[in-house]
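Structure first, commentary second.
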Amino acid sequence: MLNRDEDILKAAEDWQKAGHGVALATVVETWGSAPRPAGSSLVINDEGTFLGSVSGGCVEGAVVTEALDVIASGQPKMLEFGVADETAWNVGLSCGGTIRVFVEKVGQS
Amino acid sequence: MKLETLAALNAERAARRPAILVTDTGSGEQRLVKAEDLAGDPLRAELSRQLRMGKSGMIEAAGKKLFLNVYAPTAKLVIVGAVHISQALAPLARALDYDVTVVDPRTAFASPERFPDVPLVAEWPDVALPPLNVDPYTAFVALTHDPKIDDPALLHAFERECFYIGALGSRKTHAKRAERLRAQGAGDSDIARIHAPIGLPIGAVSPSEIAVAIMAEITAQLRLPPKEKEEAA
């Protein structure tokens, strides 16, 4: 089954301890037919390596880009994706749902 | 997220203890609520509800938008008896995201041909069960119909805090079983924990239908709040 986030959070901890900049992106709200439920997460390190998912693959690229910003700035961000969004032409969810994704740096004091 | 919060969360998850991460999505502030601290938490009502449903979600509290990320251990199902019903039950439980193990000392029953892709332990309960670490996120069913196998298995389940215990057999069979278990030291509260006849009463006939009845009963036990659970029983 694909809904287990065990390795993702363990990887976040391991990467951080190995000296990487790490960000965690988590689906916090969904409307309509969102591909992954609230609580689904994606972990990204400063080399752009990522594990997990927040959608069926539709917006992961954009989330990774934003996550690299969050790693650099340390400031958490809320992202929203959906067909109603003006960015829909770039990174919309083809399923018609809307999701909000909270992106935070791992290891801030 | 602070590294110490993440490390604490991973430790709870590794120990199969539920935990909830509460994030103020405005400020980014976070705190981890472990199951043992739930009862004393100011958000205990909301936290318990989300935990029971195994569902993460946003709530508003004191003017703040809080995200409750629920980390519940993967539920396990221990099936004692590699019987025909188990052949239907194991794949059904796996489809419902349970980690399934089948235990039966009879190697003719516990064969990989009959149970492809399911972890099988062809040992007697006293050897097979202790390493399976039956815990509060485990459902336990005894389906062999053979007292030599079912009885010691049930006695083991009584010693553990599994959330569901079910045993196959009619009311008459169950009454005899209760007598035998009492003679082996089980108390009335232990006997009362057994769901028997097993499964919700949906008129199940075939092994697959009985498997559906069993998983429906296990789901109700896992998800319904205590009061509604009594009414469903």
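Identifiers in this document derive from the order of the structure tokens: chains are assigned A, B, ..., residues are numbered from 1 separately in each chain, and ligands are numbered from 1 in order of occurrence.
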
Practice problem: With a cut-off of 12 Å and counting only C-alpha atoms, select all residues of chain A in contact with chain B and give the selection as a PyMOL selection string. | Solution: chain A and resi 1-17+19+21-31+36-41+43+70-71+74-79+100-109

Practice problem: Skip His174 in chain B itself and residues of its chain fewer than 3 positions away, then list as a list in words all residues within 12 Å of it, counting only C-alpha atoms. | Solution: Ala142, His145, Pro147, Asp150, Asp151, Gly166, Ala167, Leu168, Gly169, Ser170, Arg171, Arg177, Ala178, Glu179, Arg180, Leu181, Ile191, Ala192, Ile194, His195, Ala196, Pro197 and Ile198 of chain B

For the selection just defined, write its residues with C-alpha atoms to a file, as an mmCIF file, in the first residue's frame.
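The resulting again-v9.cif:
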```
data_model
loop_
_atom_site.group_PDB
_atom_site.id
_atom_site.type_symbol
_atom_site.label_atom_id
_atom_site.label_comp_id
_atom_site.auth_asym_id
_atom_site.auth_seq_id
_atom_site.Cartn_x
_atom_site.Cartn_y
_atom_site.Cartn_z
ATOM 1 C CA ALA B 142 -9.267 -17.324 15.949
ATOM 2 C CA HIS B 145 -12.462 -24.398 15.176
ATOM 3 C CA PRO B 147 -9.626 -25.903 20.672
ATOM 4 C CA ASP B 150 -7.796 -21.520 19.195
ATOM 5 C CA ASP B 151 -7.824 -21.734 23.009
ATOM 6 C CA GLY B 166 -13.120 -12.541 17.435
ATOM 7 C CA ALA B 167 -13.633 -16.292 17.390
ATOM 8 C CA LEU B 168 -15.457 -18.456 14.903
ATOM 9 C CA GLY B 169 -18.260 -20.660 16.155
ATOM 10 C CA SER B 170 -21.960 -20.767 16.921
ATOM 11 C CA ARG B 171 -23.396 -19.622 20.260
ATOM 12 C CA ARG B 177 -15.273 -22.487 24.528
ATOM 13 C CA ALA B 178 -16.016 -20.028 27.340
ATOM 14 C CA GLU B 179 -16.204 -22.943 29.795
ATOM 15 C CA ARG B 180 -12.849 -24.300 28.643
ATOM 16 C CA LEU B 181 -11.184 -20.888 28.779
ATOM 17 C CA ILE B 191 -14.622 -13.867 27.771
ATOM 18 C CA ALA B 192 -16.702 -10.708 27.249
ATOM 19 C CA ILE B 194 -14.548 -12.113 22.410
ATOM 20 C CA HIS B 195 -16.833 -11.265 19.510
ATOM 21 C CA ALA B 196 -18.673 -14.533 18.917
ATOM 22 C CA PRO B 197 -20.366 -15.530 16.750
ATOM 23 C CA ILE B 198 -17.773 -13.581 14.779
#
```

Practice problem: For Ile202 in chain B, please output as a count of residues only all residues within 12 Å (counting only C-alpha atoms; exclusion window: fewer than 4 positions along the same chain). | Solution: 12

Quiz prompt | CA of Leu92 in chain B to CA of Cys162 in chain B, distance in Å rounded to a single decimal | solution =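 Result for CA of Leu92 in chain B versus CA of Cys162 in chain B: 19.6 Å, one decimal.
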
Quiz item: What's the 10 Å shell around range 33-48 of chain B, counting only C-alpha atoms, without same-chain residues fewer than 2 positions away, as a list in words?
Solution: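 Within the cut-off, the hits are Ala8, Leu9, Glu12, Arg17, Pro18, Ala19, Ile20, Leu21, Val22, Gln30, Arg31, Gln50, Leu51, Arg52, Met53, Gly54, Ser56, Ile59, Ala61, Leu68, Asn69, Val70, Tyr71, Ala72 and Pro225 of chain B.
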
Limited to C-alpha atoms, could you put the picked residues into a file as a JSON list (two decimals), in the first residue's frame?
```json
[["chain", "number", "residue", "atom", "x", "y", "z"],
["B", 8, "ALA", "CA", 10.27, 12.38, 19.04],
["B", 9, "LEU", "CA", 7.57, 11.75, 16.44],
["B", 12, "GLU", "CA", 6.58, 7.23, 18.82],
["B", 17, "ARG", "CA", 2.26, 4.52, 19.68],
["B", 18, "PRO", "CA", -0.13, 7.06, 18.15],
["B", 19, "ALA", "CA", 0.80, 10.73, 18.18],
["B", 20, "ILE", "CA", -0.63, 13.96, 16.78],
["B", 21, "LEU", "CA", 1.41, 16.87, 15.48],
["B", 22, "VAL", "CA", -0.40, 20.17, 15.99],
["B", 30, "GLN", "CA", 4.23, 23.19, 16.48],
["B", 31, "ARG", "CA", 3.79, 20.76, 19.31],
["B", 50, "GLN", "CA", -9.29, 12.85, 14.75],
["B", 51, "LEU", "CA", -7.22, 10.05, 16.25],
["B", 52, "ARG", "CA", -10.17, 7.67, 16.36],
["B", 53, "MET", "CA", -10.91, 8.38, 12.70],
["B", 54, "GLY", "CA", -7.21, 8.10, 11.89],
["B", 56, "SER", "CA", -5.67, 14.47, 9.71],
["B", 59, "ILE", "CA", -9.50, 22.91, 13.02],
["B", 61, "ALA", "CA", -9.23, 26.97, 18.05],
["B", 68, "LEU", "CA", -3.78, 18.19, 13.27],
["B", 69, "ASN", "CA", -1.60, 15.59, 11.62],
["B", 70, "VAL", "CA", -2.54, 12.20, 13.00],
["B", 71, "TYR", "CA", 0.07, 9.46, 13.05],
["B", 72, "ALA", "CA", -1.73, 6.25, 13.98],
["B", 225, "PRO", "CA", -16.95, 6.08, 19.32]]
```

Self-check item: Every residue of range 83-201 of chain B that DSSP places in strand (DSSP E or B), as a list of chain:residue names
Solution: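 Of range 83-201 of chain B, the ones in strand (DSSP E or B) are B:Asp99, B:Val100, B:Thr101, B:Val102, B:Val103, B:Leu120, B:Val121, B:Thr138, B:Ala139, B:Phe140, B:Val141, B:Ala142, B:Tyr164, B:Ile165, B:Gly166, B:Ala167, B:Ile194, B:His195.
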
Quiz item: Which of chain B counts as helix (DSSP H, G or I) under DSSP, as number ranges by chain please?
Solution: B: 3-14, 35-40, 44-53, 84-95, 125-128, 130-132, 147-159, 171-183, 188-193, 207-223, 226-232
